[in-house]
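**Q** Pasting in a structure now, in structure tokens, and then I'll have a few things to ask.
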Amino acid sequence: MAWNTNLRWRLPLACLLLQVAMVVLFGVFVRYNPDSDPHWVEKDGHRNFSGDLDNDFYYRYPSFQDVHVMIFVGFGFLMTFLKRYGYGSVGFNFLLAAFGIQWAVLMQGWFHSFHDGYIFVGVENLINADFCVGSVCVAFGAILGKVSPVQLLVMTLFQVTLFSVNEFILLSLLHVKDAGGSMTIHTFGAYFGLTVTWILYRPNLSQSKERDGPVYHSDLFAMIGTLFLWMYWPSFNSAVSHHGDAQHRAAINTYYSLAACVLTSVALSSALHKKGKLDMVHIQNATLAGGVAVGTAAEMVLMPYGSLIVGFICGIVSTLGFVYLSPFLESHLRIQDTCGIHNLHGMPGIIGGIVGAVTAACATTAVYGQEGLAHAFDTEGPTWSASTQGGFQAAGIFVSLAMALGGGVLVGCILKLPIWGQPADENCFEDAVYWEVPEEHKNEGLHPEDSTLKPSEP
Amino acid sequence: MAWNTNLRWRLPLACLLLQVAMVVLFGVFVRYNPDSDPHWVEKDGHRNFSGDLDNDFYYRYPSFQDVHVMIFVGFGFLMTFLKRYGYGSVGFNFLLAAFGIQWAVLMQGWFHSFHDGYIFVGVENLINADFCVGSVCVAFGAILGKVSPVQLLVMTLFQVTLFSVNEFILLSLLHVKDAGGSMTIHTFGAYFGLTVTWILYRPNLSQSKERDGPVYHSDLFAMIGTLFLWMYWPSFNSAVSHHGDAQHRAAINTYYSLAACVLTSVALSSALHKKGKLDMVHIQNATLAGGVAVGTAAEMVLMPYGSLIVGFICGIVSTLGFVYLSPFLESHLRIQDTCGIHNLHGMPGIIGGIVGAVTAACATTAVYGQEGLAHAFDTEGPTWSASTQGGFQAAGIFVSLAMALGGGVLVGCILKLPIWGQPADENCFEDAVYWEVPEEHKNEGLHPEDSTLKPSEP
Amino acid sequence: MAWNTNLRWRLPLACLLLQVAMVVLFGVFVRYNPDSDPHWVEKDGHRNFSGDLDNDFYYRYPSFQDVHVMIFVGFGFLMTFLKRYGYGSVGFNFLLAAFGIQWAVLMQGWFHSFHDGYIFVGVENLINADFCVGSVCVAFGAILGKVSPVQLLVMTLFQVTLFSVNEFILLSLLHVKDAGGSMTIHTFGAYFGLTVTWILYRPNLSQSKERDGPVYHSDLFAMIGTLFLWMYWPSFNSAVSHHGDAQHRAAINTYYSLAACVLTSVALSSALHKKGKLDMVHIQNATLAGGVAVGTAAEMVLMPYGSLIVGFICGIVSTLGFVYLSPFLESHLRIQDTCGIHNLHGMPGIIGGIVGAVTAACATTAVYGQEGLAHAFDTEGPTWSASTQGGFQAAGIFVSLAMALGGGVLVGCILKLPIWGQPADENCFEDAVYWEVPEEHKNEGLHPEDSTLKPSEP
């Protein structure tokens with residue numbers, strides 16, 4: 001089946017309409033918060049403080065920049081492993097994230113920063129918007145190479161909305177702690193994306209399979225993404241934690257979990273290959289599972305050895321998933337998961353939710369101290385107990401899953417409409433469909449499949 | 001025409017002489033400022049403060065590092081899009097920036113940090129030196145692939161000097177606000193570079209046109225540059241703003257402007273292609289115009305929606321420039337602008353200057369508060385008014401343009417002397433002229449034009 | 001000679017055993033330090049302080065992240081210059097560093113953070129662990145392409161141990177200052193690695209020489225590593241200095257030394273080529289020598305011009321080393337140094353130790369102030385004098401060299417055992433030995449030597 005993939009009017013219209021809507025909504029709703037407003041200097045004068053450092057900017061901005069790198073370079077380059085989809089990986093990720101962060105500021109703002117008719121923004125809103133978009137980047141991994149940029153913008157519009165609703169339910173109604181987003185970002189993003197790709201099942205995708213893999217250099221580009229995600233993940237999990245010990249502890253725990261995860265990923269990758277050779281897919285992806293899986297518990301007293309154990313397990317689970325589960329999902333459940341997000345974000349996200357629930361349920365004043373416990377959890381209500389907190393944490397996993405599956409079906413059906421300029425089954429994983437590609441490629445003989453490229457324009 | 005491109009004596013002599021001069025001048029003039037001097041601990045002891053955080057290092061250093069990445073990786077890799085000029089792009093950018101930051105510390109120091117015969121340096125001097133070099137990197141984009149490294153060192157020597165004079169006129173005489181450098185860095189750098197390339201016009205450059213373009217992988221390398229520039233631009237525009245709300249606000253405004261710019265760049269790129277395909281040149285460059293254009297106003301109360309509007313417009317203007325204006329400039333005005341800096345830095349820089357002037361002219365105590373207005377602008381003089389400030393801001397644009405054009409003619413004429421080892425017209429955009437290049441290339445058949453490479457040595 | 005390079009059991013076993021040991025040891029020994037413990041909030045309440053910023057996290061974390069990038073992206077990509085060893089360079093560096101940072105936290109913890117039977121960890125421990133692993137990354141450079149990942153894990157286990165002993169002798173017994181690790185990291189790491197590669201001498205390595213070099217794109221990947229090392233080196237040398245002026249000064253000095261080093265490296269690279277062309281090897285490596293050589297003295301009052309002089313000299317020494325000394329070492333002393341670490345870390349490390357000794361010996365109260373001197377050096381003992389400090393600093397160089405040579409012989413002999421799955425002489429510098437490599441390569445004709453690849457499995 002061949003759709004019309006000429007996006008000349010659809011993509012510009014989609015971009016311009018969405019951007020005009022953002023301008024109008026920002027004009028109506030978005031204002032500077034006290035820390036970024038020029039009146040801050042007056043407020044500051046009232047405090048008995050010799051410096052300007054009580055501006056939240058100095059607590060959050062370095063972490064924000066690290067998270068920002070993860071979203072744009074981390075996710076963008078991680079997906080460049082495909083031999084002929086580097087432009088689409090980096091470029092479409094750039095596009096959807098640039099739109100998503102604007103829409104997320106609004107959606108999250110209405111839920112969390114809305115006062116007197118305005119959304120008041122500061123650096124923490126930027127971090128949370130990046131987080132929200134992170135879940136879209138995760139879902140993008142499942143459908144990478146099989147959708148048009150118009151579809152990605154539509155998906156982003158809906159997914160950011162659903163993310164914000166889910167986040168509101170978890171954080172504000174269930175009072176769940178999830179600073180690094182094991183549930184809100186990874187579990188939700190992964191199962192949402194898997195549901196979408198399940199709905200968008202392509203029976204003849206095998207016709208594009210010669211492009212569904214790396215060349216030598218594309219795997220090195222992907223390692224840029226992997227390493228920036230891996231290195232900055234401690235910032236990701238600590239970026240919106242409480243100032244002080246919580247932020248400090250979240251970074252430490254994430255650092256250890258990720259370190260352990262590398263060793264077990266390597267171990268399994270070698271053990272599962274008949275000649276003991278390592279597979280770049282595992283090194284690029286499974287090594288990150290440890291960061292996903294401490295997303296909820298990193299700011300809690302998980303202990304360094306606890307973090308190592310979580311990373312240890314996730315490196316194994318994730319690599320096993322790539323070797324055994326992904327092929328099974330594709331052949332038996334018709335889930336075509338380009339980047340294997342189920343292994344990197346799905347299973348580790350659920351593990352992360354469970355670890356968080358257990359860790360919360362074990363919280364005691366002996367470990368945290370009276371003040372520390374009150375600081376770490378919202379224990380003000382008369383009914384708070386560690387086991388209740390653990391129960392709500394566990395409930396958060398199920399809510400996230402339900403939102404992901406329900407939302408994924410809805411959005412998948414919308415994206416299935418034959419109006420978005422999606423590529424034909426035999427033209428997937430191919431930049432030339434949506435990008436002006438340098439001529440030389442044809443002469444290099446790198447891509448003999450180019451001759452089979454059938455542009456769908458009439 | 002063939003020059004001698006053997007740099008064996010010229011390049012080493014230029015480097016060593018300049019570096020020896022730097023050592024001597026630093027020895028005579030440069031000292032640590034109070035925050036980096038060991039006596040700081042005494043000063044600190046006199047304050048009623050329990051921490052060490054009132055050292056400017058902690059306010060500025062994270063931003064400095066982000067700016068540093070933009071100059072060396074951002075600009076360096078942005079220019080690697082050419083198929084055969086990756087070494088020159090990254091390597092010469094590295095060389096000129098490493099020299100430029102030293103010379104800039106001296107030049108800017110004499111104008112702004114000079115007391116009792118010494119220049120006192122701290123982290124803010126490092127940021128400003130990087131900024132100054134940023135304008136050289138911009139100008140380098142216009143002449144990329146057509147000059148020798150000796151020419152680049154000469155240009156850097158002169159451009160840093162002119163930059164510092166222009167900056168002094170704007171900041172110290174006209175009391176212009178330009179924290180992100182729309183005028184001082186981008187407008188000045190772009191029109192300086194365009195004037196230089198106009199003087200250095202090469203009538204037979206078409207003989208190198210088979211190398212004046214990307215291959216698939218080189219476009220991905222360039223995206224590394226684009227993304228690091230895009231991600232860290234909020235740090236760039238906020239790095240030297242006042243502590244507190246101004247720095248906070250500058251980061252937020254830049255973030256939004258850049259986000260909007262991506263969507264309109266994509267929209268126009270697709271709309272202007274006959275099959276609706278995206279062009280990597282636009283994605284690599286036009287998406288950054290929003291950062292340039294809020295360089296002046298980012299720390300002011302531009303408002304988030306104002307930032308979106310600026311980014312919106314600049315994405316459109318910049319992409320239109322790449323499609324229509326650059327070919328016109330080359331064919332009719334003999335301005336050969338390799339990287340299209342007129343579209344990324346020239347027009348957006350002027351827009352940025354105008355936006356800054358208008359925003360400053362609209363500043364009121366209602367918006368800023370009494371103290372806030374005094375903090376944001378230097379309102380101490382009895383004659384200060386918002387409209388005066390706006391007028392001086394506007395004057396700053398014209399001064400920057402005049403300095404750029406005048407300086408560009410002067411430096412262009414100097415660089416035109418046939419003594420600097422510049423490449424022949426048919427050997428432009430070719431690393432093999434100045435670099436030892438791996439042999440394999442010839443066997444790969446990637447570059448059949450290699451056989452036409454005519455080394456100019458006798 | 002052909003060994004069995006199938007690692008199917010050896011690599012997984014090594015990884016899993018080491019990781020299990022880490023989990024157990026962390027469980028027994030590692031606890032949060034006061035700044036990352038939930039009781040911190042109580043401690044904080046006792047202070048007369050309105051913010052949360054007296055947590056060490058905010059002083060150290062941005063520097064930590066920069067150092068982290070240097071270890072994983074910096075060293076990892078710096079070594080991707082080899083045409084067929086990109087996976088191994090990035091991937092094995094990732095593996096050994098992920099293990100090394102865990103083991104280093106323990107080893108350094110027992111020496112420096114051990115109280116009441118526990119190691120208390122915070123962000124400074126993470127930085128120091130990264131530093132320790134940096135010395136392993138340095139040593140890896142000497143044996144790159146010639147060892148199996150199992151050998152690397154074994155080497156990391158021993159080298160981290162020896163590093164920690166050496167560091168303890170220098171910092172705690174000799175009271176040496178070495179914040180940027182000229183001696184502990186670079187001198188020790190380089191001469192350790194050189195000794196190991198000397199023991200592992202491969203007489204028939206020339207059979208792999210067609211792969212012992214770059215292709216065009218691999219040199220650009222390597223520049224990513226170079227630039228991130230270069231840009232973040234100021235963070236490296238200042239990361240664990242005293243808060244305030246020392247940290248500030250260390251960053252400034254390193255910045256200047258590196259800038260000067262670029263110019264002299266370029267000068268020598270061109271002067272030593274018969275046609276004056278630049279060699280990427282020098283640009284990738286010698287430009288960094290200035291950062292190595294101010295590792296000890298950066299936090300002292302080296303003065304900006306002093307830093308320029310150090311960088312000036314090291315760019316020259318390092319480039320000369322690549323051109324003349326490395327070939328001599330290989331042909332006459334049987335030291336096969338793949339990355340030329342002797343030129344980047346060995347000689348500059350020793351220079352750094354000497355510069356540190358001289359700078360310390362020249363410290364006076366006139367320059368530092370009474371308080372400043374006490375703050376910069378541990379002058380509390382009654383016998384402290386600047387010349388004593390200088391003497392101990394000099395002694396530190398010799399201790400580091402002795403530990404490196406002795407340890408290198410020991411570890412080299414262990415690694416020489418024919419049980420670790422090392423590659424045959426004719427299969428060095430080849431990813432296909434340990435990695436699943438994309439098929440396309442064979443068709444690209446890039447690597448005709450593939451047909452000569454002789455897998456050693458029976």
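Chains: A, B, ... in order of the structure tokens. Residues: from 1 per chain. Ligands: from 1, in order shown.
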Tell me which protein, DNA and RNA residues are within 10 Å of C:Met107, counting only C-alpha atoms, leaving out same-chain ones fewer than 2 positions away, and put them as a list in words.
**A**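 Counting only the stated atoms, we get Ile101, Gln102, Trp103, Ala104, Val105, Gly109, Trp110, Phe111, His112, Ser113, Ile119, Ala129, Cys132, Val160, Thr161, Leu162, Phe163, Ser164 and Val165 of chain C.
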**Q** Restricted to N, CA, C and O atoms, what would the selected residues look like written as an mmCIF file, in the first residue's frame?
**A**
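That gives us selection09.cif:
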data_model
loop_
_atom_site.group_PDB
_atom_site.id
_atom_site.type_symbol
_atom_site.label_atom_id
_atom_site.label_comp_id
_atom_site.auth_asym_id
_atom_site.auth_seq_id
_atom_site.Cartn_x
_atom_site.Cartn_y
_atom_site.Cartn_z
ATOM 1 N N ILE C 101 34.948 2.538 38.679
ATOM 2 C CA ILE C 101 34.432 3.531 39.620
ATOM 3 C C ILE C 101 33.854 2.883 40.872
ATOM 4 O O ILE C 101 33.882 3.476 41.951
ATOM 5 N N GLN C 102 33.364 1.667 40.743
ATOM 6 C CA GLN C 102 32.860 0.985 41.939
ATOM 7 C C GLN C 102 34.014 0.563 42.847
ATOM 8 O O GLN C 102 33.994 0.763 44.059
ATOM 9 N N TRP C 103 34.988 -0.058 42.242
ATOM 10 C CA TRP C 103 36.120 -0.566 43.014
ATOM 11 C C TRP C 103 36.918 0.598 43.613
ATOM 12 O O TRP C 103 37.405 0.518 44.748
ATOM 13 N N ALA C 104 36.983 1.702 42.868
ATOM 14 C CA ALA C 104 37.714 2.860 43.370
ATOM 15 C C ALA C 104 37.021 3.474 44.585
ATOM 16 O O ALA C 104 37.688 3.929 45.521
ATOM 17 N N VAL C 105 35.700 3.508 44.575
ATOM 18 C CA VAL C 105 34.991 4.038 45.742
ATOM 19 C C VAL C 105 35.360 3.239 46.990
ATOM 20 O O VAL C 105 35.558 3.805 48.072
ATOM 21 N N GLY C 109 37.864 4.733 49.549
ATOM 22 C CA GLY C 109 37.087 4.893 50.770
ATOM 23 C C GLY C 109 37.800 4.321 51.976
ATOM 24 O O GLY C 109 37.829 4.934 53.047
ATOM 25 N N TRP C 110 38.369 3.127 51.804
ATOM 26 C CA TRP C 110 39.084 2.533 52.944
ATOM 27 C C TRP C 110 40.246 3.417 53.395
ATOM 28 O O TRP C 110 40.568 3.484 54.573
ATOM 29 N N PHE C 111 40.880 4.072 52.434
ATOM 30 C CA PHE C 111 42.018 4.926 52.793
ATOM 31 C C PHE C 111 41.601 6.293 53.326
ATOM 32 O O PHE C 111 42.275 6.862 54.172
ATOM 33 N N HIS C 112 40.519 6.841 52.812
ATOM 34 C CA HIS C 112 40.253 8.257 53.084
ATOM 35 C C HIS C 112 38.905 8.569 53.732
ATOM 36 O O HIS C 112 38.723 9.640 54.286
ATOM 37 N N SER C 113 37.896 7.697 53.587
ATOM 38 C CA SER C 113 36.561 8.030 54.115
ATOM 39 C C SER C 113 36.046 6.964 55.064
ATOM 40 O O SER C 113 34.855 6.727 55.158
ATOM 41 N N ILE C 119 32.440 3.164 55.020
ATOM 42 C CA ILE C 119 32.874 4.188 54.073
ATOM 43 C C ILE C 119 31.691 5.109 53.831
ATOM 44 O O ILE C 119 30.629 4.651 53.391
ATOM 45 N N ALA C 129 36.595 8.754 42.409
ATOM 46 C CA ALA C 129 36.523 7.466 41.719
ATOM 47 C C ALA C 129 36.717 7.667 40.219
ATOM 48 O O ALA C 129 37.428 6.901 39.562
ATOM 49 N N CYS C 132 40.393 8.211 39.606
ATOM 50 C CA CYS C 132 41.155 6.964 39.683
ATOM 51 C C CYS C 132 41.004 6.186 38.382
ATOM 52 O O CYS C 132 41.981 5.694 37.815
ATOM 53 N N VAL C 160 43.518 0.002 39.923
ATOM 54 C CA VAL C 160 42.782 0.824 40.892
ATOM 55 C C VAL C 160 43.357 0.620 42.294
ATOM 56 O O VAL C 160 43.516 1.571 43.065
ATOM 57 N N THR C 161 43.685 -0.619 42.596
ATOM 58 C CA THR C 161 44.275 -0.914 43.903
ATOM 59 C C THR C 161 45.603 -0.184 44.084
ATOM 60 O O THR C 161 45.827 0.510 45.087
ATOM 61 N N LEU C 162 46.465 -0.325 43.091
ATOM 62 C CA LEU C 162 47.774 0.320 43.174
ATOM 63 C C LEU C 162 47.636 1.839 43.183
ATOM 64 O O LEU C 162 48.364 2.534 43.902
ATOM 65 N N PHE C 163 46.724 2.350 42.370
ATOM 66 C CA PHE C 163 46.486 3.792 42.344
ATOM 67 C C PHE C 163 46.145 4.288 43.743
ATOM 68 O O PHE C 163 46.665 5.306 44.203
ATOM 69 N N SER C 164 45.267 3.556 44.421
ATOM 70 C CA SER C 164 44.796 4.016 45.726
ATOM 71 C C SER C 164 45.917 3.988 46.761
ATOM 72 O O SER C 164 46.008 4.879 47.612
ATOM 73 N N VAL C 165 46.763 2.972 46.667
ATOM 74 C CA VAL C 165 47.907 2.924 47.576
ATOM 75 C C VAL C 165 48.839 4.103 47.303
ATOM 76 O O VAL C 165 49.262 4.825 48.217
#
**Q** Mind checking which residues fall within 9 Å of A:Ser387, counting only C-alpha atoms, ignoring those fewer than 5 positions away in the same chain, and posting them as a list of chain:residue names?
**A**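 What passes the distance filter is A:Ala357, A:Val358, A:Ala360, A:Ala361, A:Cys362, A:Ala363, A:Phe392.
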**Q** The selected residues should be written to file as a short mmCIF file (atom, residue, chain, number, x, y, z; two decimals), in the first residue's frame (atoms: C-alpha atoms).
**A**
data_model
loop_
_atom_site.label_atom_id
_atom_site.label_comp_id
_atom_site.auth_asym_id
_atom_site.auth_seq_id
_atom_site.Cartn_x
_atom_site.Cartn_y
_atom_site.Cartn_z
CA ALA A 357 7.01 1.04 46.31
CA VAL A 358 9.06 -1.40 48.37
CA ALA A 360 8.85 3.63 50.41
CA ALA A 361 7.04 0.94 52.35
CA CYS A 362 10.24 0.24 54.29
CA ALA A 363 10.83 3.87 55.25
CA PHE A 392 -0.10 4.19 46.63
#
**Q** Counting only C-alpha atoms, collect the residues of chain B whose closest atom lies at most 6 Å from chain C, and write them out as a PyMOL selection string.
**A** chain B and resi 6-8+12+15+23+26-27+35-39+52+55+57+98+434-436+438
**Q** Please list as a PyMOL selection string every residue within 9 Å of B:Gly346, counting only C-alpha atoms and excluding residues in the same chain fewer than 4 positions away.
**A** chain B and resi 186-191+194+341-342+350-351
**Q** Just how far from atom CA of C:Val67 is atom CA of B:Phe120, in Å to one decimal?
**A**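 So the answer is 27.4 Å.
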**Q** I'd like the neighbourhood of stretch 70-80 of chain C as a list in words, where a residue qualifies if any of its atoms comes within 6 Å (using only C-alpha atoms), though same-chain residues fewer than 4 positions away should be ignored.
**A** Gly86, Ser89, Val90, Asn93, Ala222, Gly225, Thr226, Phe228 and Leu229 of chain C
**Q** Please, could you write that set of residues out with C-alpha atoms as a PDB file, in the first residue's frame?
**A**
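out30.pdb, written as the output of this step:
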ATOM      1  CA  GLY C  86      35.635   2.125  17.397  1.00  0.00           C
ATOM      2  CA  SER C  89      37.537   1.903  22.130  1.00  0.00           C
ATOM      3  CA  VAL C  90      34.230   3.276  23.326  1.00  0.00           C
ATOM      4  CA  ASN C  93      36.436   2.017  27.991  1.00  0.00           C
ATOM      5  CA  ALA C 222      38.224  11.103  17.883  1.00  0.00           C
ATOM      6  CA  GLY C 225      36.823  12.987  22.541  1.00  0.00           C
ATOM      7  CA  THR C 226      39.624  15.503  22.244  1.00  0.00           C
ATOM      8  CA  PHE C 228      35.349  17.271  25.465  1.00  0.00           C
ATOM      9  CA  LEU C 229      38.584  16.509  27.269  1.00  0.00           C
TER      10      LEU C 229
END
**Q** Could you list, as number ranges by chain, every residue within 10 Å of C:His175, counting only C-alpha atoms and ignoring same-chain residues fewer than 4 positions away?
**A** C: 168-171, 377-378, 389, 392-393, 396
**Q** I need the chosen residues saved as an mmCIF file, in the first residue's frame, with all heavy atoms.
**A**
data_model
loop_
_atom_site.group_PDB
_atom_site.id
_atom_site.type_symbol
_atom_site.label_atom_id
_atom_site.label_comp_id
_atom_site.auth_asym_id
_atom_site.auth_seq_id
_atom_site.Cartn_x
_atom_site.Cartn_y
_atom_site.Cartn_z
ATOM 1 N N PHE C 168 47.380 7.295 48.474
ATOM 2 C CA PHE C 168 47.456 7.393 49.936
ATOM 3 C C PHE C 168 48.851 7.826 50.372
ATOM 4 O O PHE C 168 49.009 8.707 51.226
ATOM 5 C CB PHE C 168 47.089 6.046 50.564
ATOM 6 C CG PHE C 168 47.234 6.035 52.056
ATOM 7 C CD1 PHE C 168 46.318 6.705 52.865
ATOM 8 C CD2 PHE C 168 48.288 5.362 52.658
ATOM 9 C CE1 PHE C 168 46.461 6.697 54.250
ATOM 10 C CE2 PHE C 168 48.431 5.352 54.038
ATOM 11 C CZ PHE C 168 47.512 6.018 54.840
ATOM 12 N N ILE C 169 49.866 7.219 49.762
ATOM 13 C CA ILE C 169 51.237 7.603 50.116
ATOM 14 C C ILE C 169 51.459 9.086 49.833
ATOM 15 O O ILE C 169 51.953 9.837 50.671
ATOM 16 C CB ILE C 169 52.254 6.744 49.334
ATOM 17 C CG1 ILE C 169 52.128 5.268 49.742
ATOM 18 C CG2 ILE C 169 53.680 7.247 49.557
ATOM 19 C CD1 ILE C 169 52.952 4.316 48.900
ATOM 20 N N LEU C 170 51.057 9.519 48.641
ATOM 21 C CA LEU C 170 51.302 10.903 48.266
ATOM 22 C C LEU C 170 50.492 11.874 49.128
ATOM 23 O O LEU C 170 51.047 12.789 49.738
ATOM 24 C CB LEU C 170 50.990 11.129 46.781
ATOM 25 C CG LEU C 170 52.206 11.003 45.845
ATOM 26 C CD1 LEU C 170 52.740 9.584 45.825
ATOM 27 C CD2 LEU C 170 51.868 11.500 44.459
ATOM 28 N N LEU C 171 49.179 11.662 49.167
ATOM 29 C CA LEU C 171 48.322 12.671 49.800
ATOM 30 C C LEU C 171 48.373 12.607 51.319
ATOM 31 O O LEU C 171 48.384 13.638 51.985
ATOM 32 C CB LEU C 171 46.869 12.529 49.326
ATOM 33 C CG LEU C 171 46.621 12.611 47.821
ATOM 34 C CD1 LEU C 171 45.137 12.714 47.541
ATOM 35 C CD2 LEU C 171 47.359 13.783 47.184
ATOM 36 N N PHE C 377 47.888 25.223 51.664
ATOM 37 C CA PHE C 377 48.705 24.070 52.046
ATOM 38 C C PHE C 377 48.355 23.678 53.475
ATOM 39 O O PHE C 377 47.822 24.469 54.230
ATOM 40 C CB PHE C 377 50.196 24.417 51.946
ATOM 41 C CG PHE C 377 50.630 24.802 50.565
ATOM 42 C CD1 PHE C 377 50.736 26.143 50.224
ATOM 43 C CD2 PHE C 377 50.909 23.838 49.609
ATOM 44 C CE1 PHE C 377 51.126 26.513 48.936
ATOM 45 C CE2 PHE C 377 51.299 24.200 48.329
ATOM 46 C CZ PHE C 377 51.403 25.543 47.994
ATOM 47 N N ASP C 378 48.674 22.496 53.844
ATOM 48 C CA ASP C 378 48.436 22.066 55.222
ATOM 49 C C ASP C 378 49.622 22.504 56.065
ATOM 50 O O ASP C 378 50.536 21.730 56.349
ATOM 51 C CB ASP C 378 48.265 20.549 55.277
ATOM 52 C CG ASP C 378 47.072 20.101 54.452
ATOM 53 O OD1 ASP C 378 46.083 20.863 54.388
ATOM 54 O OD2 ASP C 378 47.131 19.005 53.882
ATOM 55 N N GLN C 389 57.736 21.488 51.485
ATOM 56 C CA GLN C 389 56.599 21.094 50.644
ATOM 57 C C GLN C 389 57.077 20.767 49.230
ATOM 58 O O GLN C 389 56.700 19.747 48.658
ATOM 59 C CB GLN C 389 55.565 22.233 50.602
ATOM 60 C CG GLN C 389 54.336 21.950 49.745
ATOM 61 C CD GLN C 389 53.384 20.960 50.387
ATOM 62 O OE1 GLN C 389 53.267 20.906 51.614
ATOM 63 N NE2 GLN C 389 52.723 20.154 49.580
ATOM 64 N N PHE C 392 58.791 17.385 49.202
ATOM 65 C CA PHE C 392 57.852 16.264 49.240
ATOM 66 C C PHE C 392 57.121 16.117 47.907
ATOM 67 O O PHE C 392 56.839 15.009 47.449
ATOM 68 C CB PHE C 392 56.858 16.444 50.390
ATOM 69 C CG PHE C 392 57.420 16.031 51.723
ATOM 70 C CD1 PHE C 392 57.667 16.953 52.729
ATOM 71 C CD2 PHE C 392 57.712 14.693 51.970
ATOM 72 C CE1 PHE C 392 58.194 16.567 53.956
ATOM 73 C CE2 PHE C 392 58.230 14.287 53.203
ATOM 74 C CZ PHE C 392 58.477 15.232 54.194
ATOM 75 N N GLN C 393 56.784 17.278 47.307
ATOM 76 C CA GLN C 393 56.132 17.213 45.985
ATOM 77 C C GLN C 393 57.027 16.451 45.002
ATOM 78 O O GLN C 393 56.564 15.567 44.279
ATOM 79 C CB GLN C 393 55.905 18.628 45.437
ATOM 80 C CG GLN C 393 54.922 19.502 46.213
ATOM 81 C CD GLN C 393 53.470 19.174 45.965
ATOM 82 O OE1 GLN C 393 52.648 19.147 46.884
ATOM 83 N NE2 GLN C 393 53.127 18.873 44.728
ATOM 84 N N GLY C 396 57.040 12.864 45.471
ATOM 85 C CA GLY C 396 55.823 12.241 44.955
ATOM 86 C C GLY C 396 55.982 11.750 43.521
ATOM 87 O O GLY C 396 55.404 10.722 43.137
#
**Q** Write down as a PyMOL selection string the residues of stretch 167-356 of chain C whose backbone DSSP state falls under helix (DSSP H, G or I).
**A** chain C and resi 167-173+182-199+205-211+216-238+245-271+280-293+304-333+341-356
**Q** Measure the distance from atom CA of B:Gly117 to atom CA of B:Glu42 in Å and round it to one decimal.
**A**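 Atom-to-atom, atom CA of B:Gly117 and atom CA of B:Glu42 are spaced 23.6 Å apart.
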